[in-house]
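Have a look at the structure below before the remarks.
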Amino acid sequence: MNLLIRNTRIVGESTAEPTAAADILIINGEISAVGPELREPDNCRVIDGADRVAMPGMFDAHVHFREPGGESKETIRTGAEAAVNGGVTGVVMMPNTTPAIDNGTIAKQVLEIASRDTRIPVLTSGCVTLGRAGKELAAIDGLRGAGVRMLTDDGDSTGDPAVLYRAMQYASELGMFFASHCEVPELAGPRALNDGTSSYRLGIQGSPACAEEIIIDRDIRLAHATGAHIHIQHVSSRLGMETIRWWKQRCDVKVTAEVSPHHLLFNEDDIGDYDTHYKMNPPLRTKADNDGLLEGLIEGVFDLIATDHAPHTPFEKAQDFVSAPNGITGLETALVSLHHHFVAIGVFGWDLVVKHYSAEPRRMMGLPPAVIEPGAPADLLLFNPSACTTFTPDFMKSKARNTPFLDQTLDGRIDLVVLGSEVLVDRG
């Protein structure tokens, strides 16, 4: 389908404020022209983009789709539809499925399901160790042969540093890189919530931030020693951010890092009386940590925004706070919540969102960034800052509802998502 979007304003990773109104012409899945008052071709659908902002589709490099083994929580199809609903046009799955994605055969099966069942590109990471057990190296060459670039035992730190060191020495030669869920399990304890005022008030053993910060430093040191690229996942504390900042000031270490919307927006005070929607790993920490993470994102210490989309069934999340699983969904709420809490009030601009939640994640995965320029493949969305979104169960496309945003109304709405020749979302 050919498409002409009239009178929209365009943002990109170097455009903090939207441009003057322009038209975007899409012919056969490619952006044919961008400019004012473009001629309307025959057999072309016309969409009024007035008062809306056009931007590249987002890309989330940290999601859990649970298939194989956890289809009651999420499937690759429903996870991809949740992504589309949130303006996300590409994702990277984590390998903590059942069985774990620790060899090329399973990786190929997952990618075949994704190719068959989804409307967006779905990539997968692979495990560092067999079964994510932290003892023996996974079938890394087979994973590479299946197209895997990112290796991680996500959900668990790779406990034995000697194993991770050997993996880095080997896989870096194959053009692969490592993503690290940083945690000392013996120190983290039950991982239910931060070790602080809320854990004391609720009578639950807390998980101190140093359990995360120790491994952040350890894994970057291992990468420095081996020449590997290390990506630090879902940083939750100011000191963790400052550790990464310190290492990034060295010219001879390859380190990237991500921050999640929930660690920017929420803290331990939001847990209230055992609300499991706020239970995640790493846990929500303090308001000072929120401020430190935001500082790191604006400064550029964090390369990526990633949701760590972690769906669970309502039955699981209805358990007591210690027994309930960690995790929050995020694919459908991320872009709107970032607009509501930050962009709309001038904390940062759309350029930061596009850079860190669209362009840099793609670059990290070896993909070209999505851009709104003539000759580029169509991969974009229209965002309506004057409308609002209510995250009702009927609105959500994920199987899961474990989000603090459930039934909340936030400013902003994704009106259109286009990928190639297909309109994925159309809210008029």
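The way I read the labels, and the way they are meant: chains A, B, ... in the order of the structure tokens, residue 1 as the first residue of every chain, and ligand 1 as the first ligand shown, with later ones counted on from there.
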
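Residues of stretch 81-312 of chain A carrying a DSSP assignment of strand (DSSP E), computed from the backbone, are Val88, Thr89, Gly90, Val91, Val92, Met93, Val122, Leu123, Thr124, Met150, Leu151, Phe177, Phe178, Ala179, Ser180, His229, Ile230, His231, Ile232, Lys254, Val255, Thr256, Ala257, Glu258, Val259, Leu304 and Ile305 of chain A.
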
message = If I take atom CA of A:Leu193 and atom CA of A:Ser323, how far is one from the other in Å, to one decimal?
response = 12.0 Å

A:Gly428 environment, 8 Å, only C-alpha atoms, sequence neighbours closer than 2 positions dropped, as a list in words = Asp415, Leu416 and Asp426 of chain A

Prev. selection, C-alpha atoms, output as a compact mmCIF listing (two decimals), in the first residue's frame:
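In the end it all went to part.txt:
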# COMPACT_ATOMS: atom_id res chain seq x y z
CA ASP A 415 -1.80 6.76 16.31
CA LEU A 416 0.01 4.98 13.48
CA ASP A 426 -4.00 2.60 12.84

key: For stretch 202-215 of chain A: contacts at 6 Å, only C-alpha atoms, fewer than 3 positions along chain excluded, given as a list of chain:residue names   = A:Cys182, A:Glu183, A:Val184, A:Leu187, A:Ala188, A:Gly189, A:Arg191, A:Leu193, A:Asn194, A:Asp195, A:Ser198, A:Ser199, A:Arg218, A:Asp219, A:Gly240

Go ahead and write the residues just picked, C-alpha atoms, as a PDB file, in the first residue's frame.
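selection.pdb written:
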ATOM      1  CA  CYS A 182      24.734  -8.019  37.353  1.00  0.00           C
ATOM      2  CA  GLU A 183      24.145  -9.647  40.714  1.00  0.00           C
ATOM      3  CA  VAL A 184      25.935 -11.465  43.518  1.00  0.00           C
ATOM      4  CA  LEU A 187      24.344 -11.015  48.670  1.00  0.00           C
ATOM      5  CA  ALA A 188      21.124 -10.258  46.792  1.00  0.00           C
ATOM      6  CA  GLY A 189      19.091 -12.638  48.981  1.00  0.00           C
ATOM      7  CA  ARG A 191      15.656 -10.251  45.512  1.00  0.00           C
ATOM      8  CA  LEU A 193      12.946  -5.327  47.075  1.00  0.00           C
ATOM      9  CA  ASN A 194      15.696  -2.866  47.862  1.00  0.00           C
ATOM     10  CA  ASP A 195      17.504  -3.068  51.173  1.00  0.00           C
ATOM     11  CA  SER A 198      10.594  -0.097  52.587  1.00  0.00           C
ATOM     12  CA  SER A 199      12.155  -3.497  53.286  1.00  0.00           C
ATOM     13  CA  ARG A 218      33.706  -7.198  37.801  1.00  0.00           C
ATOM     14  CA  ASP A 219      32.248  -7.835  34.354  1.00  0.00           C
ATOM     15  CA  GLY A 240      26.158   1.582  39.285  1.00  0.00           C
TER      16      GLY A 240
END
